[in-house]
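Asker: Got a structure for you, protein15.cif, holding mmCIF, C-alpha atoms.
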```cif
data_upload
#
loop_
_atom_site.label_atom_id
_atom_site.label_comp_id
_atom_site.auth_asym_id
_atom_site.auth_seq_id
_atom_site.Cartn_x
_atom_site.Cartn_y
_atom_site.Cartn_z
CA MET A 1 -5.61 8.61 10.68
CA LEU A 2 -2.06 8.36 11.98
CA THR A 3 -0.45 8.18 8.55
CA ARG A 4 -2.28 11.33 7.46
CA ARG A 5 -0.95 13.18 10.50
CA ILE A 6 2.54 11.97 9.65
CA GLY A 7 1.97 13.11 6.07
CA VAL A 8 1.04 16.60 7.25
CA ALA A 9 4.18 16.73 9.42
CA LEU A 10 6.37 15.71 6.48
CA SER A 11 4.60 17.89 3.91
CA ARG A 12 7.30 20.58 3.78
CA PRO A 13 10.31 18.28 3.14
CA MET A 14 8.12 16.27 0.77
CA GLU A 15 7.29 19.36 -1.26
CA GLY A 16 10.99 20.16 -1.53
CA LEU A 17 11.68 16.65 -2.80
CA VAL A 18 8.83 16.93 -5.30
CA ARG A 19 10.26 20.17 -6.69
CA PHE A 20 13.69 18.53 -6.94
CA CYS A 21 12.18 15.69 -8.99
CA ALA A 22 9.86 17.92 -11.02
CA HIS A 23 11.79 17.19 -14.24
CA VAL A 24 11.25 13.42 -13.89
CA ASN A 25 8.40 11.68 -15.70
CA PRO A 26 5.78 10.77 -13.04
CA ASP A 27 5.26 7.34 -14.61
CA ALA A 28 9.00 6.69 -14.20
CA LEU A 29 8.65 7.43 -10.48
CA THR A 30 5.75 4.96 -10.30
CA ILE A 31 7.80 2.19 -11.95
CA THR A 32 10.83 3.00 -9.77
CA GLY A 33 8.70 2.54 -6.66
CA LEU A 34 7.59 -0.89 -7.91
CA ALA A 35 11.18 -1.87 -8.72
CA LEU A 36 12.35 -0.88 -5.24
CA ASN A 37 9.56 -2.93 -3.71
CA GLY A 38 10.86 -5.84 -5.78
CA VAL A 39 14.24 -5.35 -4.11
CA ALA A 40 12.53 -5.24 -0.70
CA CYS A 41 10.76 -8.48 -1.60
CA ALA A 42 14.09 -10.18 -2.33
CA LEU A 43 15.56 -8.89 0.95
CA PHE A 44 12.55 -10.11 2.94
CA ALA A 45 12.71 -13.53 1.26
CA SER A 46 16.41 -13.93 2.04
CA ALA A 47 16.13 -12.72 5.65
CA GLY A 48 15.90 -16.20 7.15
CA GLY A 49 16.38 -19.93 6.83
CA ARG A 50 14.85 -23.01 8.36
CA ASP A 51 16.14 -22.32 11.86
CA PHE A 52 16.97 -18.63 11.91
CA ILE A 53 15.94 -15.12 10.90
CA ALA A 54 18.39 -12.31 10.12
CA PRO A 55 17.01 -9.07 11.61
CA SER A 56 19.58 -6.98 9.73
CA MET A 57 18.36 -8.26 6.36
CA LEU A 58 14.74 -7.74 7.41
CA ARG A 59 15.52 -4.17 8.47
CA LEU A 60 17.30 -3.48 5.19
CA GLY A 61 14.20 -4.65 3.37
CA GLY A 62 12.15 -2.29 5.52
CA VAL A 63 14.41 0.65 4.61
CA VAL A 64 14.10 -0.13 0.89
CA ALA A 65 10.30 -0.44 1.23
CA LEU A 66 10.27 2.94 2.99
CA VAL A 67 12.20 4.54 0.12
CA ALA A 68 9.80 2.89 -2.34
CA SER A 69 6.86 4.42 -0.49
CA ILE A 70 8.41 7.87 -0.96
CA PHE A 71 8.42 7.32 -4.72
CA ASP A 72 4.80 6.14 -4.47
CA MET A 73 3.89 9.42 -2.78
CA MET A 74 5.84 11.60 -5.19
CA ASP A 75 4.51 10.46 -8.55
CA GLY A 76 1.06 12.04 -8.24
CA ARG A 77 2.44 15.23 -6.71
CA VAL A 78 5.04 15.61 -9.45
CA ALA A 79 2.32 15.09 -12.08
CA ARG A 80 0.18 17.83 -10.53
CA LEU A 81 3.17 20.18 -10.21
CA ARG A 82 4.00 19.74 -13.88
CA GLY A 83 0.36 19.94 -14.89
CA ARG A 84 0.66 16.50 -16.46
CA GLY A 85 -1.81 14.52 -14.40
CA THR A 86 -3.68 12.13 -16.70
CA ARG A 87 -6.35 9.49 -16.27
CA PHE A 88 -3.89 6.86 -17.47
CA GLY A 89 -1.27 8.06 -14.99
CA ALA A 90 -3.77 7.67 -12.13
CA TYR A 91 -4.72 4.23 -13.47
CA LEU A 92 -1.06 3.17 -13.75
CA ASP A 93 -0.36 4.44 -10.23
CA SER A 94 -3.22 2.44 -8.72
CA THR A 95 -2.31 -0.69 -10.68
CA MET A 96 1.36 -0.54 -9.72
CA ASP A 97 0.33 0.01 -6.09
CA ARG A 98 -1.48 -3.34 -6.19
CA TYR A 99 1.62 -5.02 -7.62
CA SER A 100 3.82 -3.35 -4.99
CA ASP A 101 1.59 -4.60 -2.18
CA MET A 102 1.59 -8.17 -3.47
CA VAL A 103 5.35 -8.12 -4.07
CA LEU A 104 6.01 -7.16 -0.42
CA PHE A 105 3.70 -9.88 0.85
CA LEU A 106 5.35 -12.35 -1.55
CA GLY A 107 8.71 -11.63 0.08
CA LEU A 108 7.26 -12.43 3.50
CA LEU A 109 5.53 -15.55 2.16
CA LEU A 110 8.84 -16.82 0.78
CA LEU A 111 10.59 -15.99 4.06
CA TYR A 112 8.18 -18.06 6.12
CA ALA A 113 8.20 -20.84 3.51
CA ARG A 114 11.98 -21.09 3.93
CA MET A 115 11.50 -21.19 7.69
CA ASP A 116 8.81 -23.88 7.32
CA ARG A 117 6.30 -21.74 9.25
CA THR A 118 3.01 -22.76 7.68
CA PHE A 119 0.83 -20.77 10.06
CA LEU A 120 2.70 -17.54 9.33
CA MET A 121 2.43 -18.25 5.60
CA VAL A 122 -1.35 -18.45 6.01
CA LEU A 123 -1.28 -15.24 8.06
CA VAL A 124 0.59 -13.46 5.24
CA TRP A 125 -2.04 -14.68 2.77
CA VAL A 126 -4.92 -13.45 4.95
CA ALA A 127 -3.23 -10.04 5.36
CA ALA A 128 -2.57 -9.76 1.61
CA PHE A 129 -6.11 -10.85 0.81
CA GLY A 130 -7.52 -8.26 3.22
CA GLY A 131 -5.41 -5.52 1.66
CA PHE A 132 -6.56 -6.48 -1.83
CA MET A 133 -10.22 -6.63 -0.79
CA THR A 134 -9.99 -3.25 0.94
CA SER A 135 -8.90 -1.65 -2.33
CA TYR A 136 -11.33 -3.64 -4.46
CA ALA A 137 -14.27 -2.86 -2.18
CA ARG A 138 -13.58 0.87 -2.54
CA ALA A 139 -13.08 0.74 -6.31
CA ARG A 140 -16.27 -1.26 -6.85
CA ALA A 141 -18.28 0.84 -4.39
CA GLU A 142 -17.25 4.09 -6.08
CA SER A 143 -18.76 2.85 -9.33
CA LEU A 144 -22.08 2.91 -7.44
CA ILE A 145 -21.79 5.73 -4.89
CA PRO A 146 -19.71 8.95 -4.81
CA ARG A 147 -17.19 7.98 -2.11
CA CYS A 148 -16.26 4.97 0.02
CA THR A 149 -13.25 5.69 2.23
CA VAL A 150 -14.49 4.25 5.53
CA GLY A 151 -12.25 1.96 7.58
CA TYR A 152 -8.96 2.01 9.44
CA MET A 153 -6.57 0.07 7.20
CA GLU A 154 -5.96 1.82 3.90
CA ARG A 155 -2.79 1.35 1.87
CA PRO A 156 -0.63 3.97 3.66
CA GLU A 157 -1.38 2.30 7.00
CA ARG A 158 -0.55 -1.15 5.60
CA VAL A 159 2.76 -0.02 4.14
CA ALA A 160 3.70 1.90 7.29
CA LEU A 161 2.99 -1.16 9.41
CA LEU A 162 5.03 -3.45 7.17
CA VAL A 163 7.97 -1.04 7.30
CA PHE A 164 7.66 -0.79 11.09
CA GLY A 165 7.44 -4.57 11.42
CA ALA A 166 10.62 -4.99 9.39
CA LEU A 167 12.58 -2.28 11.20
CA ALA A 168 11.47 -3.44 14.66
CA ASN A 169 11.64 -7.17 13.82
CA ARG A 170 7.99 -7.53 14.87
CA MET A 171 6.58 -8.70 11.57
CA SER A 172 4.30 -11.42 12.90
CA ALA A 173 2.53 -8.94 15.23
CA VAL A 174 2.16 -6.47 12.35
CA LEU A 175 0.70 -9.17 10.10
CA TRP A 176 -1.93 -9.95 12.74
CA ILE A 177 -2.95 -6.28 12.83
CA ILE A 178 -3.15 -6.01 9.05
CA ALA A 179 -4.95 -9.33 8.66
CA ILE A 180 -7.66 -8.33 11.12
CA LEU A 181 -8.12 -4.64 10.37
CA ALA A 182 -7.82 -4.90 6.58
CA ASN A 183 -10.57 -7.50 6.41
CA VAL A 184 -12.68 -5.51 8.87
CA THR A 185 -12.22 -2.45 6.65
CA ALA A 186 -13.36 -4.41 3.59
CA VAL A 187 -16.49 -5.54 5.44
CA GLN A 188 -17.11 -1.96 6.64
CA ARG A 189 -17.06 -0.79 3.03
CA VAL A 190 -19.54 -3.46 1.98
CA VAL A 191 -21.90 -2.40 4.76
CA PHE A 192 -21.37 1.31 4.04
CA THR A 193 -22.14 0.80 0.35
CA TYR A 194 -25.29 -1.16 1.17
CA VAL A 195 -26.51 1.61 3.47
CA GLU A 196 -25.68 4.35 0.94
CA LEU A 197 -27.47 2.53 -1.87
CA LYS A 198 -30.49 2.13 0.37
CA ARG A 199 -30.53 5.92 0.62
CA GLY A 200 -31.02 6.04 -3.13
CA TRP A 201 -27.69 7.41 -4.44
CA PRO A 202 -27.57 7.71 -8.23
CA ARG A 203 -24.80 5.91 -10.07
CA ALA A 204 -21.48 7.63 -9.35
CA ALA A 205 -19.41 9.39 -11.95
CA PRO A 206 -15.92 7.94 -12.61
CA PRO A 207 -13.42 9.08 -9.93
CA ASP A 208 -11.20 12.05 -10.69
CA ALA A 209 -7.93 11.16 -12.42
CA SER A 210 -5.91 12.90 -9.72
CA GLU A 211 -7.25 10.63 -6.99
CA SER A 212 -5.39 7.45 -6.16
CA GLU A 213 -6.83 4.23 -4.85
CA ASP A 214 -6.06 3.17 -1.28
#
```
In structure tokens, what does this structure look like?

Answerer:
Amino acid sequence: MLTRRIGVALSRPMEGLVRFCAHVNPDALTITGLALNGVACALFASAGGRDFIAPSMLRLGGVVALVASIFDMMDGRVARLRGRGTRFGAYLDSTMDRYSDMVLFLGLLLLYARMDRTFLMVLVWVAAFGGFMTSYARARAESLIPRCTVGYMERPERVALLVFGALANRMSAVLWIIAILANVTAVQRVVFTYVELKRGWPRAAPPDASESED
């Protein structure tokens, strides 16, 4: 996937940043990422009024969301570097990721509510619902089968698209992409799980604590 290729390209500077933050509690990095997404939410919500939209405010929200995503990527790496990865840390990370996703979509929902754009509000809801179902479908599937990572719209792709939409002031187009592909991904995972169970997989063991949910 594109975001994984980008991740490989940025691996060296990312490792340097992880070493720099190695003394920080990984859970604190997780909470900081959520807090920054809360700031991005407020910026998105205040980026327009009934008859206008302020691209500069939308872009600022995108920058803050981008910084928040860096914290989201660092927490697990810092935990592994310090040898302090725990099952609760992985659980907290996944849970805060869900909150972060919903907070960003909330900012867009409030923006379009202020602009009185009902259709775009519904589009935000469909995109958010698809993102939630993508994650839920994987989590539920992996209680039944070993792995379920099929699909094109995992969390890194969703966040990258939201950041791009904010920076390029093309949020409505980005929401269409997420709304369609996230829900398609959720359906793919349902079908994949059905096929795998038909093959007779035994009940899966709990996922490793170092793995994060998409």

Asker: Dump as an mmCIF file with C-alpha atoms, in the frame of the given file all residues having an atom at most 9 Å from (-4.9, -2.1, 5.0), computed in the file's coordinates with only C-alpha atoms.

Answerer:
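For reference, point.cif as written:
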```cif
data_model
loop_
_atom_site.group_PDB
_atom_site.id
_atom_site.type_symbol
_atom_site.label_atom_id
_atom_site.label_comp_id
_atom_site.auth_asym_id
_atom_site.auth_seq_id
_atom_site.Cartn_x
_atom_site.Cartn_y
_atom_site.Cartn_z
ATOM 1 C CA ALA A 127 -3.230 -10.040 5.360
ATOM 2 C CA ALA A 128 -2.570 -9.760 1.610
ATOM 3 C CA GLY A 130 -7.520 -8.260 3.220
ATOM 4 C CA GLY A 131 -5.410 -5.520 1.660
ATOM 5 C CA PHE A 132 -6.560 -6.480 -1.830
ATOM 6 C CA THR A 134 -9.990 -3.250 0.940
ATOM 7 C CA SER A 135 -8.900 -1.650 -2.330
ATOM 8 C CA GLY A 151 -12.250 1.960 7.580
ATOM 9 C CA TYR A 152 -8.960 2.010 9.440
ATOM 10 C CA MET A 153 -6.570 0.070 7.200
ATOM 11 C CA GLU A 154 -5.960 1.820 3.900
ATOM 12 C CA ARG A 155 -2.790 1.350 1.870
ATOM 13 C CA PRO A 156 -0.630 3.970 3.660
ATOM 14 C CA GLU A 157 -1.380 2.300 7.000
ATOM 15 C CA ARG A 158 -0.550 -1.150 5.600
ATOM 16 C CA VAL A 159 2.760 -0.020 4.140
ATOM 17 C CA ILE A 178 -3.150 -6.010 9.050
ATOM 18 C CA ALA A 179 -4.950 -9.330 8.660
ATOM 19 C CA LEU A 181 -8.120 -4.640 10.370
ATOM 20 C CA ALA A 182 -7.820 -4.900 6.580
ATOM 21 C CA ASN A 183 -10.570 -7.500 6.410
ATOM 22 C CA THR A 185 -12.220 -2.450 6.650
ATOM 23 C CA ALA A 186 -13.360 -4.410 3.590
ATOM 24 C CA ASP A 214 -6.060 3.170 -1.280
#
```

Asker: Starting from the shown file, work through the PyMOL selection byres ((chain A and resi 29-31) around 7) and note down what comes out as a VMD selection string.

Answerer: chain A and resid 25 to 28 32 to 35 71 to 72 75 93

Asker: Taking into account all atoms listed in the file, which residue in the set A:Ala166, A:Phe129, A:Pro146, A:Arg87 is nearest to Val184 (chain A)?

Answerer: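 Nearest to Val184 (chain A): A:Phe129.
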
Asker: List as an MDAnalysis selection string the protein and nucleic acid residues near region 100-117 of chain A, meaning an atom at most 8 Å away when only C-alpha atoms are counted, but skip any in the same chain fewer than 6 places from it.

Answerer: chainID A and resid 33:34 37:38 40:52 124:125 128 159

Asker: Given the choices A:Val126, A:Met96, A:Leu144, A:Leu167, which gets closest to Leu60 (chain A) if the distance is worked out from only C-alpha atoms?

Answerer: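 Of A:Val126, A:Met96, A:Leu144, A:Leu167, the one nearest Leu60 (chain A) is A:Leu167, counting only C-alpha atoms.
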
Asker: Between A:Lys198, A:Leu161, A:Ile70, A:Cys148, single out the one closest to Leu175 (chain A), counting only C-alpha atoms.

Answerer: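 Under the stated criterion, the closest residue is A:Leu161.
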
Asker: Distance CA of Gly89 (chain A)-CA of Ala68 (chain A), one decimal place?

Answerer: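 So the two atoms, CA of Gly89 (chain A) and CA of Ala68 (chain A), lie 17.6 Å apart.
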
Asker: Have a look at A:Leu36, A:Val78, A:Val67, A:Leu58 and name the one nearest to His23 (chain A); count only C-alpha atoms.

Answerer: A:Val78

Asker: Quick one, how far is CA of Thr86 (chain A) from CA of Ala139 (chain A)?

Answerer: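 That distance, rounded to one decimal, is 18.1 Å.
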
Asker: Put region 30-142 of chain A into a file with C-alpha atoms, as a PDB file, in the first residue's frame.

Answerer:
```pdb
ATOM      1  CA  THR A  30      -0.555   7.914  22.799  1.00  0.00           C
ATOM      2  CA  ILE A  31      -2.527  10.460  24.850  1.00  0.00           C
ATOM      3  CA  THR A  32      -0.616  13.360  23.266  1.00  0.00           C
ATOM      4  CA  GLY A  33      -1.627  12.127  19.818  1.00  0.00           C
ATOM      5  CA  LEU A  34      -5.283  12.081  20.892  1.00  0.00           C
ATOM      6  CA  ALA A  35      -5.005  15.576  22.375  1.00  0.00           C
ATOM      7  CA  LEU A  36      -3.491  16.931  19.161  1.00  0.00           C
ATOM      8  CA  ASN A  37      -6.307  15.361  17.163  1.00  0.00           C
ATOM      9  CA  GLY A  38      -8.680  17.200  19.497  1.00  0.00           C
ATOM     10  CA  VAL A  39      -6.968  20.440  18.481  1.00  0.00           C
ATOM     11  CA  ALA A  40      -7.282  19.445  14.808  1.00  0.00           C
ATOM     12  CA  CYS A  41     -10.978  18.783  15.408  1.00  0.00           C
ATOM     13  CA  ALA A  42     -11.458  22.309  16.777  1.00  0.00           C
ATOM     14  CA  LEU A  43      -9.578  23.800  13.816  1.00  0.00           C
ATOM     15  CA  PHE A  44     -11.664  21.822  11.311  1.00  0.00           C
ATOM     16  CA  ALA A  45     -14.892  22.853  13.048  1.00  0.00           C
ATOM     17  CA  SER A  46     -13.948  26.543  12.987  1.00  0.00           C
ATOM     18  CA  ALA A  47     -12.734  26.518   9.371  1.00  0.00           C
ATOM     19  CA  GLY A  48     -15.989  27.791   7.908  1.00  0.00           C
ATOM     20  CA  GLY A  49     -19.337  29.476   8.375  1.00  0.00           C
ATOM     21  CA  ARG A  50     -22.673  29.425   6.632  1.00  0.00           C
ATOM     22  CA  ASP A  51     -21.408  31.002   3.418  1.00  0.00           C
ATOM     23  CA  PHE A  52     -17.654  30.490   3.469  1.00  0.00           C
ATOM     24  CA  ILE A  53     -14.777  28.137   4.215  1.00  0.00           C
ATOM     25  CA  ALA A  54     -11.337  29.264   5.396  1.00  0.00           C
ATOM     26  CA  PRO A  55      -8.699  27.134   3.623  1.00  0.00           C
ATOM     27  CA  SER A  56      -5.946  28.431   5.913  1.00  0.00           C
ATOM     28  CA  MET A  57      -7.743  27.142   9.012  1.00  0.00           C
ATOM     29  CA  LEU A  58      -8.459  23.821   7.301  1.00  0.00           C
ATOM     30  CA  ARG A  59      -4.786  23.483   6.343  1.00  0.00           C
ATOM     31  CA  LEU A  60      -3.686  24.285   9.886  1.00  0.00           C
ATOM     32  CA  GLY A  61      -5.951  21.509  11.116  1.00  0.00           C
ATOM     33  CA  GLY A  62      -4.335  19.194   8.584  1.00  0.00           C
ATOM     34  CA  VAL A  63      -0.853  20.081   9.853  1.00  0.00           C
ATOM     35  CA  VAL A  64      -1.879  19.392  13.455  1.00  0.00           C
ATOM     36  CA  ALA A  65      -3.465  16.068  12.417  1.00  0.00           C
ATOM     37  CA  LEU A  66      -0.214  15.187  10.632  1.00  0.00           C
ATOM     38  CA  VAL A  67       1.808  15.878  13.779  1.00  0.00           C
ATOM     39  CA  ALA A  68      -0.691  13.800  15.779  1.00  0.00           C
ATOM     40  CA  SER A  69      -0.186  10.903  13.385  1.00  0.00           C
ATOM     41  CA  ILE A  70       3.563  11.033  14.077  1.00  0.00           C
ATOM     42  CA  PHE A  71       2.852  10.553  17.780  1.00  0.00           C
ATOM     43  CA  ASP A  72       0.518   7.683  16.872  1.00  0.00           C
ATOM     44  CA  MET A  73       3.357   6.006  14.988  1.00  0.00           C
ATOM     45  CA  MET A  74       5.955   6.601  17.693  1.00  0.00           C
ATOM     46  CA  ASP A  75       4.258   5.172  20.759  1.00  0.00           C
ATOM     47  CA  GLY A  76       4.558   1.505  19.781  1.00  0.00           C
ATOM     48  CA  ARG A  77       8.103   1.939  18.488  1.00  0.00           C
ATOM     49  CA  VAL A  78       9.215   3.693  21.662  1.00  0.00           C
ATOM     50  CA  ALA A  79       7.654   0.901  23.741  1.00  0.00           C
ATOM     51  CA  ARG A  80       9.560  -1.743  21.777  1.00  0.00           C
ATOM     52  CA  LEU A  81      12.815   0.242  21.977  1.00  0.00           C
ATOM     53  CA  ARG A  82      12.499   0.495  25.750  1.00  0.00           C
ATOM     54  CA  GLY A  83      11.385  -3.110  26.053  1.00  0.00           C
ATOM     55  CA  ARG A  84       8.186  -1.915  27.705  1.00  0.00           C
ATOM     56  CA  GLY A  85       5.580  -3.125  25.252  1.00  0.00           C
ATOM     57  CA  THR A  86       2.579  -4.424  27.197  1.00  0.00           C
ATOM     58  CA  ARG A  87      -0.802  -5.872  26.318  1.00  0.00           C
ATOM     59  CA  PHE A  88      -2.476  -2.911  27.999  1.00  0.00           C
ATOM     60  CA  GLY A  89      -0.315  -0.478  26.032  1.00  0.00           C
ATOM     61  CA  ALA A  90      -1.401  -2.116  22.765  1.00  0.00           C
ATOM     62  CA  TYR A  91      -5.020  -2.037  23.953  1.00  0.00           C
ATOM     63  CA  LEU A  92      -4.768   1.644  24.938  1.00  0.00           C
ATOM     64  CA  ASP A  93      -3.156   2.490  21.595  1.00  0.00           C
ATOM     65  CA  SER A  94      -5.940   0.824  19.606  1.00  0.00           C
ATOM     66  CA  THR A  95      -8.654   2.399  21.753  1.00  0.00           C
ATOM     67  CA  MET A  96      -7.197   5.899  21.491  1.00  0.00           C
ATOM     68  CA  ASP A  97      -6.858   5.421  17.723  1.00  0.00           C
ATOM     69  CA  ARG A  98     -10.628   4.908  17.535  1.00  0.00           C
ATOM     70  CA  TYR A  99     -11.199   8.083  19.550  1.00  0.00           C
ATOM     71  CA  SER A 100      -8.748  10.002  17.353  1.00  0.00           C
ATOM     72  CA  ASP A 101     -10.544   8.891  14.198  1.00  0.00           C
ATOM     73  CA  MET A 102     -13.953   9.903  15.523  1.00  0.00           C
ATOM     74  CA  VAL A 103     -12.638  13.236  16.809  1.00  0.00           C
ATOM     75  CA  LEU A 104     -11.327  14.174  13.340  1.00  0.00           C
ATOM     76  CA  PHE A 105     -14.608  13.225  11.701  1.00  0.00           C
ATOM     77  CA  LEU A 106     -16.470  15.165  14.406  1.00  0.00           C
ATOM     78  CA  GLY A 107     -14.560  18.303  13.421  1.00  0.00           C
ATOM     79  CA  LEU A 108     -15.635  17.874   9.805  1.00  0.00           C
ATOM     80  CA  LEU A 109     -19.222  17.123  10.850  1.00  0.00           C
ATOM     81  CA  LEU A 110     -19.338  20.357  12.844  1.00  0.00           C
ATOM     82  CA  LEU A 111     -17.790  22.272   9.943  1.00  0.00           C
ATOM     83  CA  TYR A 112     -20.453  21.154   7.495  1.00  0.00           C
ATOM     84  CA  ALA A 113     -23.186  21.667  10.104  1.00  0.00           C
ATOM     85  CA  ARG A 114     -22.096  25.307  10.414  1.00  0.00           C
ATOM     86  CA  MET A 115     -22.161  25.582   6.624  1.00  0.00           C
ATOM     87  CA  ASP A 116     -25.635  23.985   6.531  1.00  0.00           C
ATOM     88  CA  ARG A 117     -24.399  21.283   4.130  1.00  0.00           C
ATOM     89  CA  THR A 118     -26.572  18.328   5.072  1.00  0.00           C
ATOM     90  CA  PHE A 119     -25.336  16.057   2.289  1.00  0.00           C
ATOM     91  CA  LEU A 120     -21.701  16.522   3.306  1.00  0.00           C
ATOM     92  CA  MET A 121     -22.648  15.840   6.927  1.00  0.00           C
ATOM     93  CA  VAL A 122     -24.126  12.509   5.827  1.00  0.00           C
ATOM     94  CA  LEU A 123     -20.980  11.827   3.774  1.00  0.00           C
ATOM     95  CA  VAL A 124     -18.811  12.410   6.859  1.00  0.00           C
ATOM     96  CA  TRP A 125     -20.988   9.973   8.813  1.00  0.00           C
ATOM     97  CA  VAL A 126     -20.725   7.296   6.110  1.00  0.00           C
ATOM     98  CA  ALA A 127     -16.919   7.729   5.969  1.00  0.00           C
ATOM     99  CA  ALA A 128     -16.622   7.562   9.772  1.00  0.00           C
ATOM    100  CA  PHE A 129     -18.906   4.538   9.917  1.00  0.00           C
ATOM    101  CA  GLY A 130     -16.849   2.782   7.242  1.00  0.00           C
ATOM    102  CA  GLY A 131     -13.629   3.472   9.129  1.00  0.00           C
ATOM    103  CA  PHE A 132     -15.101   2.117  12.350  1.00  0.00           C
ATOM    104  CA  MET A 133     -16.461  -1.005  10.647  1.00  0.00           C
ATOM    105  CA  THR A 134     -13.120  -1.656   8.935  1.00  0.00           C
ATOM    106  CA  SER A 135     -11.408  -1.805  12.326  1.00  0.00           C
ATOM    107  CA  TYR A 136     -14.220  -3.730  13.990  1.00  0.00           C
ATOM    108  CA  ALA A 137     -14.390  -6.297  11.185  1.00  0.00           C
ATOM    109  CA  ARG A 138     -10.682  -7.025  11.612  1.00  0.00           C
ATOM    110  CA  ALA A 139     -10.814  -7.208  15.409  1.00  0.00           C
ATOM    111  CA  ARG A 140     -13.818  -9.536  15.373  1.00  0.00           C
ATOM    112  CA  ALA A 141     -12.419 -11.671  12.549  1.00  0.00           C
ATOM    113  CA  GLU A 142      -9.110 -12.170  14.351  1.00  0.00           C
TER     114      GLU A 142
END
```
